[in-house]
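S.K.: Next comes the structure file structure-v3.pdb, holding PDB, C-alpha atoms, pLDDT in the B column.
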```
ATOM      1  CA  MET P   1      84.440  12.417  53.422  1.00 68.00           C
ATOM      2  CA  THR P   2      85.427  11.550  49.852  1.00 81.00           C
ATOM      3  CA  LEU P   3      86.872   8.062  49.649  1.00 87.00           C
ATOM      4  CA  THR P   4      89.439   7.118  47.035  1.00 91.00           C
ATOM      5  CA  LEU P   5      89.703   3.518  45.889  1.00 95.00           C
ATOM      6  CA  ASP P   6      92.421   1.959  43.764  1.00 95.00           C
ATOM      7  CA  LEU P   7      91.557  -0.890  41.412  1.00 97.00           C
ATOM      8  CA  LEU P   8      94.232  -3.561  41.754  1.00 95.00           C
ATOM      9  CA  PRO P   9      95.538  -4.978  38.466  1.00 94.00           C
ATOM     10  CA  ALA P  10      95.195  -8.684  39.330  1.00 95.00           C
ATOM     11  CA  THR P  11      92.207 -10.981  39.098  1.00 97.00           C
ATOM     12  CA  PHE P  12      91.702 -12.890  42.335  1.00 97.00           C
ATOM     13  CA  ALA P  13      90.433 -16.247  43.549  1.00 96.00           C
ATOM     14  CA  VAL P  14      88.663 -16.780  46.866  1.00 96.00           C
ATOM     15  CA  CYS P  15      89.359 -20.283  48.166  1.00 95.00           C
ATOM     16  CA  ARG P  16      88.269 -22.497  51.036  1.00 94.00           C
ATOM     17  CA  PHE P  17      90.464 -25.244  52.458  1.00 93.00           C
ATOM     18  CA  ASP P  18      90.155 -27.637  55.363  1.00 93.00           C
ATOM     19  CA  PRO P  19      91.297 -25.799  58.515  1.00 95.00           C
ATOM     20  CA  ALA P  20      94.296 -28.147  58.924  1.00 94.00           C
ATOM     21  CA  PHE P  21      95.633 -27.452  55.403  1.00 93.00           C
ATOM     22  CA  VAL P  22      99.211 -26.144  55.417  1.00 93.00           C
ATOM     23  CA  LEU P  23     100.016 -23.449  52.859  1.00 94.00           C
ATOM     24  CA  ASP P  24     103.382 -23.331  51.120  1.00 95.00           C
ATOM     25  CA  PRO P  25     105.381 -20.646  52.996  1.00 96.00           C
ATOM     26  CA  ASP P  26     106.568 -19.254  49.638  1.00 96.00           C
ATOM     27  CA  LEU P  27     102.952 -18.461  48.753  1.00 96.00           C
ATOM     28  CA  LEU P  28     102.781 -16.132  51.736  1.00 94.00           C
ATOM     29  CA  GLN P  29     105.660 -14.096  50.277  1.00 95.00           C
ATOM     30  CA  GLU P  30     103.622 -13.220  47.184  1.00 95.00           C
ATOM     31  CA  PRO P  31     101.900  -9.828  46.955  1.00 90.00           C
ATOM     32  CA  TRP P  32      98.156  -9.615  47.592  1.00 90.00           C
ATOM     33  CA  VAL P  33      97.770 -12.843  49.557  1.00 95.00           C
ATOM     34  CA  PHE P  34      95.176 -12.803  52.322  1.00 95.00           C
ATOM     35  CA  THR P  35      94.523 -15.716  54.696  1.00 96.00           C
ATOM     36  CA  ALA P  36      92.181 -16.393  57.583  1.00 96.00           C
ATOM     37  CA  ARG P  37      92.066 -19.598  59.620  1.00 96.00           C
ATOM     38  CA  THR P  38      89.180 -20.536  61.919  1.00 97.00           C
ATOM     39  CA  ASP P  39      88.045 -23.792  63.508  1.00 97.00           C
ATOM     40  CA  ASP P  40      85.895 -24.348  60.413  1.00 97.00           C
ATOM     41  CA  GLU P  41      88.087 -23.374  57.487  1.00 96.00           C
ATOM     42  CA  LEU P  42      91.180 -21.826  55.996  1.00 95.00           C
ATOM     43  CA  SER P  43      90.270 -19.054  53.574  1.00 95.00           C
ATOM     44  CA  LEU P  44      92.728 -17.785  50.991  1.00 96.00           C
ATOM     45  CA  VAL P  45      92.412 -14.835  48.641  1.00 96.00           C
ATOM     46  CA  CYS P  46      95.177 -14.537  46.065  1.00 96.00           C
ATOM     47  CA  ASP P  47      95.988 -13.759  42.456  1.00 96.00           C
ATOM     48  CA  GLU P  48      94.305 -16.487  40.357  1.00 95.00           C
ATOM     49  CA  GLN P  49      97.625 -17.271  38.678  1.00 94.00           C
ATOM     50  CA  LEU P  50      99.077 -18.457  41.981  1.00 95.00           C
ATOM     51  CA  LEU P  51      96.670 -21.400  42.191  1.00 92.00           C
ATOM     52  CA  ALA P  52      98.365 -23.245  39.334  1.00 90.00           C
ATOM     53  CA  ARG P  53     101.856 -22.059  40.243  1.00 92.00           C
ATOM     54  CA  PHE P  54     101.559 -23.440  43.783  1.00 92.00           C
ATOM     55  CA  ARG P  55      99.448 -26.433  42.687  1.00 88.00           C
ATOM     56  CA  LEU P  56      96.614 -25.497  44.998  1.00 87.00           C
ATOM     57  CA  GLU P  57      93.437 -27.537  44.807  1.00 80.00           C
ATOM     58  CA  PRO P  58      91.053 -26.037  47.354  1.00 69.00           C
ATOM     59  CA  GLY P  59      87.765 -27.651  48.286  1.00 71.00           C
ATOM     60  CA  ASN P  60      85.871 -24.651  46.934  1.00 90.00           C
ATOM     61  CA  THR P  61      87.085 -21.834  44.709  1.00 90.00           C
ATOM     62  CA  GLU P  62      85.407 -18.728  43.361  1.00 91.00           C
ATOM     63  CA  SER P  63      87.519 -17.159  40.628  1.00 94.00           C
ATOM     64  CA  GLY P  64      87.090 -13.953  38.664  1.00 97.00           C
ATOM     65  CA  TRP P  65      87.209 -11.371  41.461  1.00 98.00           C
ATOM     66  CA  ARG P  66      88.596  -7.842  41.093  1.00 97.00           C
ATOM     67  CA  ALA P  67      89.757  -5.856  44.109  1.00 97.00           C
ATOM     68  CA  LEU P  68      89.339  -2.217  45.050  1.00 97.00           C
ATOM     69  CA  LYS P  69      91.630  -0.939  47.806  1.00 93.00           C
ATOM     70  CA  VAL P  70      90.410   1.953  49.957  1.00 89.00           C
ATOM     71  CA  SER P  71      93.226   4.487  49.932  1.00 78.00           C
ATOM     72  CA  GLY P  72      94.701   4.571  53.404  1.00 72.00           C
ATOM     73  CA  PRO P  73      95.913   4.087  55.950  1.00 58.00           C
ATOM     74  CA  LEU P  74      92.600   4.577  57.692  1.00 56.00           C
ATOM     75  CA  ASP P  75      92.442   5.730  61.290  1.00 61.00           C
ATOM     76  CA  PHE P  76      90.715   3.252  63.615  1.00 54.00           C
ATOM     77  CA  ALA P  77      88.544   6.112  64.875  1.00 54.00           C
ATOM     78  CA  LEU P  78      86.870   6.483  61.466  1.00 56.00           C
ATOM     79  CA  VAL P  79      83.330   5.158  61.464  1.00 50.00           C
ATOM     80  CA  GLY P  80      81.205   3.874  58.603  1.00 57.00           C
ATOM     81  CA  ILE P  81      83.776   3.449  55.824  1.00 74.00           C
ATOM     82  CA  LEU P  82      82.597  -0.031  54.831  1.00 80.00           C
ATOM     83  CA  ALA P  83      78.970   0.918  55.463  1.00 81.00           C
ATOM     84  CA  GLN P  84      79.239   3.823  53.017  1.00 84.00           C
ATOM     85  CA  LEU P  85      80.732   1.616  50.319  1.00 91.00           C
ATOM     86  CA  THR P  86      78.711  -1.529  50.845  1.00 89.00           C
ATOM     87  CA  GLY P  87      75.457   0.372  51.303  1.00 93.00           C
ATOM     88  CA  ALA P  88      75.730   1.950  47.860  1.00 94.00           C
ATOM     89  CA  LEU P  89      76.686  -1.390  46.293  1.00 96.00           C
ATOM     90  CA  ALA P  90      73.886  -3.252  48.087  1.00 95.00           C
ATOM     91  CA  GLU P  91      71.342  -0.748  46.763  1.00 96.00           C
ATOM     92  CA  ALA P  92      72.660  -1.477  43.266  1.00 97.00           C
ATOM     93  CA  GLY P  93      72.408  -5.246  43.863  1.00 97.00           C
ATOM     94  CA  ILE P  94      76.177  -5.777  43.713  1.00 97.00           C
ATOM     95  CA  SER P  95      77.551  -8.557  45.920  1.00 95.00           C
ATOM     96  CA  ILE P  96      80.956  -8.026  47.550  1.00 96.00           C
ATOM     97  CA  PHE P  97      83.604  -9.925  49.477  1.00 95.00           C
ATOM     98  CA  ALA P  98      85.255  -7.572  51.984  1.00 94.00           C
ATOM     99  CA  ILE P  99      88.688  -7.835  53.566  1.00 92.00           C
ATOM    100  CA  SER P 100      90.020  -5.556  56.264  1.00 88.00           C
ATOM    101  CA  THR P 101      93.662  -5.135  57.205  1.00 84.00           C
ATOM    102  CA  PHE P 102      95.349  -3.003  59.844  1.00 81.00           C
ATOM    103  CA  ASP P 103      95.705  -0.083  57.411  1.00 83.00           C
ATOM    104  CA  THR P 104      92.692  -0.262  55.122  1.00 84.00           C
ATOM    105  CA  ASP P 105      89.790  -2.161  53.564  1.00 88.00           C
ATOM    106  CA  TYR P 106      89.442  -4.037  50.294  1.00 92.00           C
ATOM    107  CA  LEU P 107      86.274  -4.740  48.340  1.00 95.00           C
ATOM    108  CA  LEU P 108      86.257  -7.668  45.950  1.00 97.00           C
ATOM    109  CA  VAL P 109      83.600  -7.842  43.246  1.00 98.00           C
ATOM    110  CA  LYS P 110      83.109 -10.219  40.376  1.00 98.00           C
ATOM    111  CA  ALA P 111      84.825  -8.996  37.197  1.00 97.00           C
ATOM    112  CA  ALA P 112      81.496  -9.160  35.363  1.00 97.00           C
ATOM    113  CA  VAL P 113      80.101  -6.336  37.542  1.00 98.00           C
ATOM    114  CA  LEU P 114      83.268  -4.237  37.816  1.00 97.00           C
ATOM    115  CA  ALA P 115      82.046  -1.462  35.497  1.00 97.00           C
ATOM    116  CA  ASP P 116      78.739  -1.240  37.409  1.00 98.00           C
ATOM    117  CA  THR P 117      80.666  -1.229  40.688  1.00 98.00           C
ATOM    118  CA  VAL P 118      82.907   1.649  39.624  1.00 97.00           C
ATOM    119  CA  SER P 119      79.929   3.614  38.319  1.00 97.00           C
ATOM    120  CA  THR P 120      77.956   3.024  41.532  1.00 97.00           C
ATOM    121  CA  LEU P 121      80.871   4.069  43.753  1.00 96.00           C
ATOM    122  CA  GLU P 122      81.493   7.199  41.695  1.00 96.00           C
ATOM    123  CA  GLN P 123      77.802   8.103  41.890  1.00 96.00           C
ATOM    124  CA  ALA P 124      78.107   7.687  45.682  1.00 94.00           C
ATOM    125  CA  GLY P 125      80.852  10.324  45.700  1.00 94.00           C
ATOM    126  CA  CYS P 126      83.923   8.098  45.661  1.00 93.00           C
ATOM    127  CA  LYS P 127      86.929   8.462  43.404  1.00 95.00           C
ATOM    128  CA  VAL P 128      88.091   5.239  41.707  1.00 96.00           C
ATOM    129  CA  ARG P 129      91.579   5.077  40.227  1.00 94.00           C
ATOM    130  CA  THR P 130      92.432   2.356  37.729  1.00 90.00           C
ATOM    131  CA  PRO P 131      95.910   0.925  37.088  1.00 82.00           C
ATOM    132  CA  ALA P 132      97.949   2.331  34.208  1.00 64.00           C
ATOM    133  CA  ARG P 133      97.742   0.330  31.000  1.00 54.00           C
ATOM    134  CA  GLY P 134     100.403  -2.311  30.510  1.00 47.00           C
ATOM    135  CA  ARG P 135     100.635  -3.216  34.178  1.00 42.00           C
TER     136      ARG P 135
END
```
How does the structure come out when it is put into structure tokens?
M.R.:
Amino acid sequence: MTLTLDLLPATFAVCRFDPAFVLDPDLLQEPWVFTARTDDELSLVCDEQLLARFRLEPGNTESGWRALKVSGPLDFALVGILAQLTGALAEAGISIFAISTFDTDYLLVKAAVLADTVSTLEQAGCKVRTPARGR
């Protein structure tokens, strides 16, 4: 199966907050905002520009991530999608941060290794589409 991935135009931040932290509800209306709350933490992945706009000061932040969206929606019966992608990237020594939604999967990689990531995925038989210029 040939997978197609779309490079999202934004640069993302991955943030960790105390689990009791309350996010501004307006932040959740922004595109490309992912959250996960556990007993240990509140994780937030969002466009880096939103951190200043919403005056967010997380305990820990990793900035400079680019996101590749697996073209979907993906059927729940499909097996090995992430394994195919992450296996090729692991062999190339590329670290990822993965997010799964109901419809699809996202791979976040540091901007510094984006070109190597795209090359590795293409060599593994994937198609990577980049956003049009000026977006």
S.K.: Give me, as a list in words, all polymer residues having an atom no more than 10 Å from Asp6 in chain P, counting only C-alpha atoms and skipping those fewer than 3 positions away in the same chain.
M.R.: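 Residues near the query, excluding close chain neighbours: Pro9, Ala67, Leu68, Lys69, Val70, Ser71, Tyr106, Lys127, Val128, Arg129, Thr130 and Pro131 of chain P.
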S.K.: For the file shown, report as a tab-separated table (two decimals) with C-alpha atoms, in the coordinates of the input the outcome of the PyMOL selection byres ((chain P and resi 63) around 8) at residue level.
M.R.:
```
chain	number	residue	atom	x	y	z
P	11	THR	CA	92.21	-10.98	39.10
P	12	PHE	CA	91.70	-12.89	42.34
P	13	ALA	CA	90.43	-16.25	43.55
P	14	VAL	CA	88.66	-16.78	46.87
P	48	GLU	CA	94.30	-16.49	40.36
P	61	THR	CA	87.08	-21.83	44.71
P	62	GLU	CA	85.41	-18.73	43.36
P	64	GLY	CA	87.09	-13.95	38.66
P	65	TRP	CA	87.21	-11.37	41.46
```
S.K.: With distances taken over only C-alpha atoms, which of P:Glu91, P:Leu56, P:Arg66, P:Arg16 is nearest to Leu114 in chain P?
M.R.: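 When distances to Leu114 in chain P are compared using only C-alpha atoms, the smallest one comes from P:Arg66.
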S.K.: Please determine, counting only C-alpha atoms, which residue among P:Cys15, P:Cys126, P:Leu5, P:Val113 has the shortest atom-to-atom distance to Leu51 in chain P.
M.R.: P:Cys15
S.K.: Quick one: pull the distance between CA of Ala52 in chain P and CA of Asp105 in chain P, Å, one decimal.
M.R.: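 The value is 26.8 Å.
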S.K.: Starting from the shown file, work through the PyMOL selection byres ((chain P and resi 39) around 12) and note down what comes out as a list in words.
M.R.: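 With the PyMOL selection byres ((chain P and resi 39) around 12) on this model, the match is Phe17, Asp18, Pro19, Ala20, Phe21, Ala36, Arg37, Thr38, Asp40, Glu41, Leu42 and Ser43 of chain P.
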S.K.: Expand the PyMOL selection byres ((chain P and resi 32) around 7) into the explicit residue set it covers here, and present it as an MDAnalysis selection string.
M.R.: chainID P and resid 30:31 33:34 46:47
S.K.: Restrict the selected residues to C-alpha atoms and save them as an mmCIF file, in the frame of the given file.
M.R.:
```
data_model
loop_
_atom_site.group_PDB
_atom_site.id
_atom_site.type_symbol
_atom_site.label_atom_id
_atom_site.label_comp_id
_atom_site.auth_asym_id
_atom_site.auth_seq_id
_atom_site.Cartn_x
_atom_site.Cartn_y
_atom_site.Cartn_z
ATOM 1 C CA GLU P 30 103.622 -13.220 47.184
ATOM 2 C CA PRO P 31 101.900 -9.828 46.955
ATOM 3 C CA VAL P 33 97.770 -12.843 49.557
ATOM 4 C CA PHE P 34 95.176 -12.803 52.322
ATOM 5 C CA CYS P 46 95.177 -14.537 46.065
ATOM 6 C CA ASP P 47 95.988 -13.759 42.456
#
```
S.K.: Nearest to Ala88 in chain P: which of P:Thr120, P:Val109, P:Gly72, P:Asn60 is it, counting only C-alpha atoms?
M.R.: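 Of all the options, P:Thr120 lies closest to Ala88 in chain P.
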S.K.: Could you tell me how far CA of Gln123 in chain P sits from CA of Ala90 in chain P, in Å to one decimal place?
M.R.: 13.5 Å
S.K.: In Å, how far is it from CA of Leu121 in chain P to CA of Leu85 in chain P?
M.R.: 7.0 Å
S.K.: Looking at P:Gly59, P:Leu23, P:Ala83, P:Ala111, which one is nearest to Ala98 in chain P, with distances taken over all atoms listed in the file?
M.R.: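 Using all atoms listed in the file, Ala98 in chain P sits closest to P:Ala83.
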S.K.: From the set P:Gln49, P:Gln29, P:Thr104, P:Thr4, which residue has the shortest atom-to-atom contact distance to Val118 in chain P, counting all atoms listed in the file?
M.R.: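 Smallest separation from Val118 in chain P among the options: P:Thr4.
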S.K.: Would you mind telling me which residue in P:Arg53, P:Ala115, P:Leu8, P:Leu3 lies nearest to Leu27 in chain P when using only C-alpha atoms?
M.R.: P:Arg53
S.K.: Please determine an axis-aligned box that encloses all atoms of range 31-48 of chain P listed in the file, with 5 Å added on each side, and express its centre and edge lengths in Å to one decimal as lines of an AutoDock Vina configuration file.
M.R.:
```
center_x = 93.9
center_y = -17.0
center_z = 51.9
size_x = 26.0
size_y = 24.7
size_z = 33.2
```
